[in-house]
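Notes follow once the structure below has been shown.
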Amino acid sequence: MGKHVVATVGEIPPGSRKLVTVRGRSIAVFNLNGEFFGLFNRCPHQGGPMCEGILTGLIESDEPGRYRYSRKGEILRCPWHGWEFDVRTGQSFCEPERVQVRRYPVEVAAGERVVEGPYVAETVAVTVEEQYVVVDV
Ligand code: FES
């Protein structure tokens, strides 16, 4: 396991995603209204590219003719056969007890923290103002 800087926050605006490769793993990083989530870019059904799926919401119904729509943009539909997954948990809605997409922890780190290291050398004052998206693999 290690932390890998994969983008600046500005590169993945809310509602979008970025496909990254970390240690040979293809990972789709999603920004849900400022919260970041990492999913393996391989659908557990037959290997479809999760990063190319559309983001939709959750439709629930208690009786015919009535429904509720919620969680807009948090449900990922695989582009190959339409299986749907919760971006926050990776859970499938087809077989929720058994199937889920592998998740990777993602955090946002300030630039000053990203450049910290175990080595000390002669330095000059530098400020880093961007924030970065960091995937833990
Ligand atoms: S490969 Fe994703 S639904 Fe079939």
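In the structure tokens, each chain is lettered A, B, ... as it comes, each chain's residues begin at 1, and ligands are numbered from 1 in order of appearance.
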
Counting only C-alpha atoms and all ligand atoms, name the residues that have an atom within 10 Å of an atom of ligand 1; the answer should be given as a list in words. Arg42, Cys43, Pro44, His45, Gln46, Gly47, Gly48, Pro49, Met50, Gly53, Arg77, Cys78, Pro79, Trp80, His81, Gly82, Trp83, Glu84, Phe85, Ser92 and Cys94 of chain A

Store the residues picked out above, limited to N, CA, C and O atoms, as a PDB file, in the first residue's frame.
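Saved result, part.pdb, follows:
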ATOM      1  N   ARG A  42     -12.852  -2.051 -13.742  1.00  0.00           N
ATOM      2  CA  ARG A  42     -13.227  -3.321 -14.376  1.00  0.00           C
ATOM      3  C   ARG A  42     -14.504  -3.814 -13.704  1.00  0.00           C
ATOM      4  O   ARG A  42     -14.506  -4.140 -12.514  1.00  0.00           O
ATOM      5  N   CYS A  43     -15.565  -3.865 -14.469  1.00  0.00           N
ATOM      6  CA  CYS A  43     -16.854  -4.301 -13.933  1.00  0.00           C
ATOM      7  C   CYS A  43     -16.773  -5.763 -13.484  1.00  0.00           C
ATOM      8  O   CYS A  43     -16.238  -6.601 -14.213  1.00  0.00           O
ATOM      9  N   PRO A  44     -17.299  -6.097 -12.295  1.00  0.00           N
ATOM     10  CA  PRO A  44     -17.228  -7.481 -11.825  1.00  0.00           C
ATOM     11  C   PRO A  44     -18.115  -8.436 -12.619  1.00  0.00           C
ATOM     12  O   PRO A  44     -17.994  -9.650 -12.469  1.00  0.00           O
ATOM     13  N   HIS A  45     -18.986  -7.918 -13.484  1.00  0.00           N
ATOM     14  CA  HIS A  45     -19.819  -8.798 -14.305  1.00  0.00           C
ATOM     15  C   HIS A  45     -18.970  -9.446 -15.394  1.00  0.00           C
ATOM     16  O   HIS A  45     -18.671 -10.624 -15.334  1.00  0.00           O
ATOM     17  N   GLN A  46     -18.537  -8.642 -16.379  1.00  0.00           N
ATOM     18  CA  GLN A  46     -17.719  -9.214 -17.454  1.00  0.00           C
ATOM     19  C   GLN A  46     -16.564  -8.300 -17.845  1.00  0.00           C
ATOM     20  O   GLN A  46     -16.059  -8.380 -18.960  1.00  0.00           O
ATOM     21  N   GLY A  47     -16.198  -7.399 -16.956  1.00  0.00           N
ATOM     22  CA  GLY A  47     -14.983  -6.612 -17.184  1.00  0.00           C
ATOM     23  C   GLY A  47     -15.157  -5.304 -17.922  1.00  0.00           C
ATOM     24  O   GLY A  47     -14.171  -4.740 -18.406  1.00  0.00           O
ATOM     25  N   GLY A  48     -16.358  -4.788 -18.026  1.00  0.00           N
ATOM     26  CA  GLY A  48     -16.594  -3.513 -18.711  1.00  0.00           C
ATOM     27  C   GLY A  48     -15.825  -2.365 -18.060  1.00  0.00           C
ATOM     28  O   GLY A  48     -15.496  -2.419 -16.878  1.00  0.00           O
ATOM     29  N   PRO A  49     -15.545  -1.315 -18.851  1.00  0.00           N
ATOM     30  CA  PRO A  49     -14.782  -0.171 -18.356  1.00  0.00           C
ATOM     31  C   PRO A  49     -15.656   0.760 -17.516  1.00  0.00           C
ATOM     32  O   PRO A  49     -16.397   1.582 -18.059  1.00  0.00           O
ATOM     33  N   MET A  50     -15.564   0.634 -16.205  1.00  0.00           N
ATOM     34  CA  MET A  50     -16.417   1.403 -15.304  1.00  0.00           C
ATOM     35  C   MET A  50     -16.289   2.916 -15.521  1.00  0.00           C
ATOM     36  O   MET A  50     -17.255   3.661 -15.363  1.00  0.00           O
ATOM     37  N   GLY A  53     -18.915   4.516 -17.763  1.00  0.00           N
ATOM     38  CA  GLY A  53     -20.338   4.418 -17.446  1.00  0.00           C
ATOM     39  C   GLY A  53     -20.953   5.771 -17.162  1.00  0.00           C
ATOM     40  O   GLY A  53     -20.250   6.718 -16.813  1.00  0.00           O
ATOM     41  N   ARG A  77     -23.620   3.348 -13.938  1.00  0.00           N
ATOM     42  CA  ARG A  77     -24.167   2.283 -14.796  1.00  0.00           C
ATOM     43  C   ARG A  77     -23.074   1.812 -15.745  1.00  0.00           C
ATOM     44  O   ARG A  77     -22.550   2.604 -16.539  1.00  0.00           O
ATOM     45  N   CYS A  78     -22.746   0.540 -15.679  1.00  0.00           N
ATOM     46  CA  CYS A  78     -21.706  -0.014 -16.553  1.00  0.00           C
ATOM     47  C   CYS A  78     -22.130   0.143 -18.016  1.00  0.00           C
ATOM     48  O   CYS A  78     -23.278  -0.152 -18.365  1.00  0.00           O
ATOM     49  N   PRO A  79     -21.215   0.575 -18.898  1.00  0.00           N
ATOM     50  CA  PRO A  79     -21.584   0.810 -20.293  1.00  0.00           C
ATOM     51  C   PRO A  79     -21.849  -0.467 -21.090  1.00  0.00           C
ATOM     52  O   PRO A  79     -22.444  -0.397 -22.160  1.00  0.00           O
ATOM     53  N   TRP A  80     -21.443  -1.615 -20.602  1.00  0.00           N
ATOM     54  CA  TRP A  80     -21.614  -2.826 -21.394  1.00  0.00           C
ATOM     55  C   TRP A  80     -22.996  -3.453 -21.243  1.00  0.00           C
ATOM     56  O   TRP A  80     -23.664  -3.739 -22.227  1.00  0.00           O
ATOM     57  N   HIS A  81     -23.463  -3.721 -20.033  1.00  0.00           N
ATOM     58  CA  HIS A  81     -24.756  -4.395 -19.862  1.00  0.00           C
ATOM     59  C   HIS A  81     -25.669  -3.693 -18.874  1.00  0.00           C
ATOM     60  O   HIS A  81     -26.720  -4.226 -18.520  1.00  0.00           O
ATOM     61  N   GLY A  82     -25.262  -2.541 -18.400  1.00  0.00           N
ATOM     62  CA  GLY A  82     -26.157  -1.727 -17.581  1.00  0.00           C
ATOM     63  C   GLY A  82     -26.246  -2.066 -16.103  1.00  0.00           C
ATOM     64  O   GLY A  82     -27.103  -1.520 -15.409  1.00  0.00           O
ATOM     65  N   TRP A  83     -25.411  -2.958 -15.602  1.00  0.00           N
ATOM     66  CA  TRP A  83     -25.434  -3.182 -14.158  1.00  0.00           C
ATOM     67  C   TRP A  83     -25.112  -1.863 -13.474  1.00  0.00           C
ATOM     68  O   TRP A  83     -24.283  -1.085 -13.972  1.00  0.00           O
ATOM     69  N   GLU A  84     -25.726  -1.643 -12.315  1.00  0.00           N
ATOM     70  CA  GLU A  84     -25.527  -0.380 -11.614  1.00  0.00           C
ATOM     71  C   GLU A  84     -24.809  -0.601 -10.286  1.00  0.00           C
ATOM     72  O   GLU A  84     -25.053  -1.593  -9.593  1.00  0.00           O
ATOM     73  N   PHE A  85     -23.958   0.370  -9.934  1.00  0.00           N
ATOM     74  CA  PHE A  85     -23.135   0.275  -8.732  1.00  0.00           C
ATOM     75  C   PHE A  85     -23.169   1.599  -7.969  1.00  0.00           C
ATOM     76  O   PHE A  85     -23.200   2.680  -8.563  1.00  0.00           O
ATOM     77  N   SER A  92     -23.088  -3.532  -5.873  1.00  0.00           N
ATOM     78  CA  SER A  92     -23.938  -3.746  -7.038  1.00  0.00           C
ATOM     79  C   SER A  92     -25.403  -3.680  -6.622  1.00  0.00           C
ATOM     80  O   SER A  92     -25.765  -4.070  -5.516  1.00  0.00           O
ATOM     81  N   CYS A  94     -27.511  -5.275  -8.699  1.00  0.00           N
ATOM     82  CA  CYS A  94     -28.018  -6.510  -9.283  1.00  0.00           C
ATOM     83  C   CYS A  94     -27.929  -7.653  -8.277  1.00  0.00           C
ATOM     84  O   CYS A  94     -28.886  -8.376  -8.079  1.00  0.00           O
TER      85      CYS A  94
END

Which residues come within 9 Å of A:Gln100, counting only C-alpha atoms, excluding same-chain residues fewer than 2 positions away, as a VMD selection string? chain A and resid 43 to 44 85 to 86 89 to 93 95 to 98 102 to 103

May I have the selected residues written with N, CA and C atoms, as a tab-separated table (two decimals), in the first residue's frame?
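Output file part_35.tsv follows:
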chain	number	residue	atom	x	y	z
A	43	CYS	N	-15.56	-3.86	-14.47
A	43	CYS	CA	-16.85	-4.30	-13.93
A	43	CYS	C	-16.77	-5.76	-13.48
A	44	PRO	N	-17.30	-6.10	-12.30
A	44	PRO	CA	-17.23	-7.48	-11.83
A	44	PRO	C	-18.11	-8.44	-12.62
A	85	PHE	N	-23.96	0.37	-9.93
A	85	PHE	CA	-23.14	0.28	-8.73
A	85	PHE	C	-23.17	1.60	-7.97
A	86	ASP	N	-23.13	1.48	-6.65
A	86	ASP	CA	-23.06	2.64	-5.79
A	86	ASP	C	-21.61	3.13	-5.79
A	89	THR	N	-19.85	2.99	-2.29
A	89	THR	CA	-19.53	1.71	-1.64
A	89	THR	C	-19.03	0.65	-2.61
A	90	GLY	N	-19.26	0.84	-3.91
A	90	GLY	CA	-18.92	-0.18	-4.90
A	90	GLY	C	-19.96	-1.28	-5.01
A	91	GLN	N	-21.00	-1.21	-4.17
A	91	GLN	CA	-22.01	-2.25	-4.12
A	91	GLN	C	-22.84	-2.33	-5.40
A	92	SER	N	-23.09	-3.53	-5.87
A	92	SER	CA	-23.94	-3.75	-7.04
A	92	SER	C	-25.40	-3.68	-6.62
A	93	PHE	N	-26.25	-3.22	-7.53
A	93	PHE	CA	-27.68	-3.27	-7.27
A	93	PHE	C	-28.30	-4.52	-7.89
A	95	GLU	N	-26.77	-7.82	-7.68
A	95	GLU	CA	-26.59	-8.86	-6.65
A	95	GLU	C	-25.86	-8.21	-5.48
A	96	PRO	N	-26.55	-7.39	-4.70
A	96	PRO	CA	-25.88	-6.61	-3.66
A	96	PRO	C	-25.19	-7.44	-2.57
A	97	GLU	N	-25.66	-8.67	-2.35
A	97	GLU	CA	-25.04	-9.50	-1.32
A	97	GLU	C	-23.71	-10.08	-1.77
A	98	ARG	N	-23.54	-10.20	-3.08
A	98	ARG	CA	-22.42	-10.97	-3.59
A	98	ARG	C	-21.44	-10.17	-4.45
A	102	ARG	N	-14.30	-3.32	-6.67
A	102	ARG	CA	-13.25	-3.03	-5.70
A	102	ARG	C	-13.09	-1.52	-5.56
A	103	ARG	N	-13.01	-1.07	-4.31
A	103	ARG	CA	-12.83	0.35	-4.02
A	103	ARG	C	-11.40	0.63	-3.58

Taking only residues of stretch 33-85 of chain A that have an atom at most 6 Å from an atom of stretch 9-26 of chain A, what is each one's shortest atom pair and its distance in Å to one decimal, using only C-alpha atoms, in chain and number order, as a tab-separated table?
residue	atom	partner	partner_atom	distance
A:Asn33	CA	A:Pro14	CA	4.8
A:Gly34	CA	A:Pro14	CA	5.8
A:Asn41	CA	A:Ser26	CA	5.4

Using DSSP on the backbone coordinates, identify all residues within stretch 13-61 of chain A classified as strand (DSSP E or B); present the result as a compact mmCIF listing (two decimals) with N, CA and C atoms, in the first residue's frame.
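In the end it all went to result_2.txt:
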# COMPACT_ATOMS: atom_id res chain seq x y z
N ARG A 17 -15.05 12.41 -13.65
CA ARG A 17 -14.17 11.34 -13.23
C ARG A 17 -12.89 11.39 -14.03
N LYS A 18 -11.87 10.71 -13.52
CA LYS A 18 -10.60 10.62 -14.24
C LYS A 18 -10.10 9.19 -14.11
N LEU A 19 -9.65 8.63 -15.23
CA LEU A 19 -9.06 7.30 -15.22
C LEU A 19 -7.57 7.43 -14.97
N VAL A 20 -7.08 6.74 -13.95
CA VAL A 20 -5.65 6.79 -13.62
C VAL A 20 -5.12 5.37 -13.53
N THR A 21 -3.82 5.24 -13.66
CA THR A 21 -3.17 3.94 -13.48
C THR A 21 -2.18 4.06 -12.34
N VAL A 22 -2.38 3.23 -11.31
CA VAL A 22 -1.51 3.26 -10.15
C VAL A 22 -1.00 1.85 -9.91
N ARG A 25 -2.65 -0.77 -11.82
CA ARG A 25 -4.10 -0.92 -11.67
C ARG A 25 -4.82 0.26 -12.30
N SER A 26 -5.83 -0.02 -13.09
CA SER A 26 -6.64 1.02 -13.71
C SER A 26 -7.75 1.39 -12.73
N ILE A 27 -7.76 2.66 -12.33
CA ILE A 27 -8.69 3.11 -11.29
C ILE A 27 -9.45 4.33 -11.79
N ALA A 28 -10.78 4.30 -11.65
CA ALA A 28 -11.61 5.45 -12.00
C ALA A 28 -11.84 6.26 -10.72
N VAL A 29 -11.41 7.53 -10.75
CA VAL A 29 -11.58 8.41 -9.59
C VAL A 29 -12.74 9.35 -9.89
N PHE A 30 -13.76 9.32 -9.02
CA PHE A 30 -14.97 10.12 -9.21
C PHE A 30 -15.03 11.24 -8.18
N ASN A 31 -15.55 12.38 -8.60
CA ASN A 31 -15.81 13.49 -7.69
C ASN A 31 -17.32 13.65 -7.57
N LEU A 32 -17.85 13.28 -6.38
CA LEU A 32 -19.29 13.46 -6.11
C LEU A 32 -19.43 14.69 -5.24
N GLU A 35 -16.58 15.13 -2.86
CA GLU A 35 -16.07 13.93 -2.22
C GLU A 35 -15.51 13.02 -3.32
N PHE A 36 -14.35 12.44 -3.05
CA PHE A 36 -13.68 11.63 -4.07
C PHE A 36 -13.75 10.15 -3.71
N PHE A 37 -13.97 9.31 -4.77
CA PHE A 37 -14.06 7.87 -4.59
C PHE A 37 -13.30 7.19 -5.72
N GLY A 38 -12.61 6.11 -5.38
CA GLY A 38 -11.86 5.35 -6.38
C GLY A 38 -12.45 3.97 -6.56
N LEU A 39 -12.73 3.59 -7.82
CA LEU A 39 -13.25 2.26 -8.15
C LEU A 39 -12.35 1.61 -9.19
N PHE A 40 -12.13 0.31 -9.03
CA PHE A 40 -11.40 -0.45 -10.03
C PHE A 40 -12.14 -0.30 -11.36
N ILE A 54 -22.28 5.85 -17.32
CA ILE A 54 -22.95 7.11 -17.00
C ILE A 54 -23.29 7.13 -15.51
N LEU A 55 -23.33 8.33 -14.96
CA LEU A 55 -23.72 8.51 -13.57
C LEU A 55 -25.18 8.89 -13.54
N THR A 56 -25.95 8.16 -12.75
CA THR A 56 -27.37 8.41 -12.64
C THR A 56 -27.75 8.44 -11.16
N GLY A 57 -29.04 8.36 -10.86
CA GLY A 57 -29.48 8.39 -9.47
C GLY A 57 -30.16 7.10 -9.08
N LEU A 58 -30.69 7.10 -7.87
CA LEU A 58 -31.36 5.91 -7.33
C LEU A 58 -32.87 6.09 -7.45
N ILE A 59 -33.55 5.11 -8.06
CA ILE A 59 -35.00 5.14 -8.16
C ILE A 59 -35.54 4.04 -7.26
N GLU A 60 -36.41 4.40 -6.32
CA GLU A 60 -37.02 3.44 -5.40
C GLU A 60 -38.53 3.57 -5.48
N SER A 61 -39.22 2.45 -5.22
CA SER A 61 -40.66 2.45 -5.28
C SER A 61 -41.24 1.55 -4.20

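Our summary of the geometry notes that atom CA of A:Ala7 is positioned 18.3 Å from atom CA of A:Glu52.
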
How many Å separate atom CA of A:Arg88 from atom CA of A:Glu63? 26.8 Å

Selection: 8 Å around A:Val6, only C-alpha atoms, excl. self and same-chain fewer than 5 positions, as number ranges by chain: A: 20, 132-135

Would you output that residue set with N, CA, C and O atoms, as a PDB file, in the first residue's frame?
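Result saved to part_22.pdb:
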ATOM      1  N   VAL A  20      -7.076   6.741 -13.945  1.00  0.00           N
ATOM      2  CA  VAL A  20      -5.655   6.793 -13.615  1.00  0.00           C
ATOM      3  C   VAL A  20      -5.118   5.368 -13.532  1.00  0.00           C
ATOM      4  O   VAL A  20      -5.878   4.411 -13.374  1.00  0.00           O
ATOM      5  N   TYR A 132      -4.425  18.246  -3.931  1.00  0.00           N
ATOM      6  CA  TYR A 132      -4.234  17.110  -4.798  1.00  0.00           C
ATOM      7  C   TYR A 132      -5.114  15.940  -4.393  1.00  0.00           C
ATOM      8  O   TYR A 132      -5.403  15.750  -3.218  1.00  0.00           O
ATOM      9  N   VAL A 133      -5.507  15.143  -5.392  1.00  0.00           N
ATOM     10  CA  VAL A 133      -6.264  13.934  -5.150  1.00  0.00           C
ATOM     11  C   VAL A 133      -5.266  12.787  -5.006  1.00  0.00           C
ATOM     12  O   VAL A 133      -4.411  12.599  -5.872  1.00  0.00           O
ATOM     13  N   VAL A 134      -5.355  12.035  -3.895  1.00  0.00           N
ATOM     14  CA  VAL A 134      -4.387  10.993  -3.587  1.00  0.00           C
ATOM     15  C   VAL A 134      -5.112   9.656  -3.449  1.00  0.00           C
ATOM     16  O   VAL A 134      -6.069   9.539  -2.687  1.00  0.00           O
ATOM     17  N   VAL A 135      -4.671   8.645  -4.216  1.00  0.00           N
ATOM     18  CA  VAL A 135      -5.258   7.305  -4.154  1.00  0.00           C
ATOM     19  C   VAL A 135      -4.349   6.412  -3.329  1.00  0.00           C
ATOM     20  O   VAL A 135      -3.134   6.429  -3.491  1.00  0.00           O
TER      21      VAL A 135
END
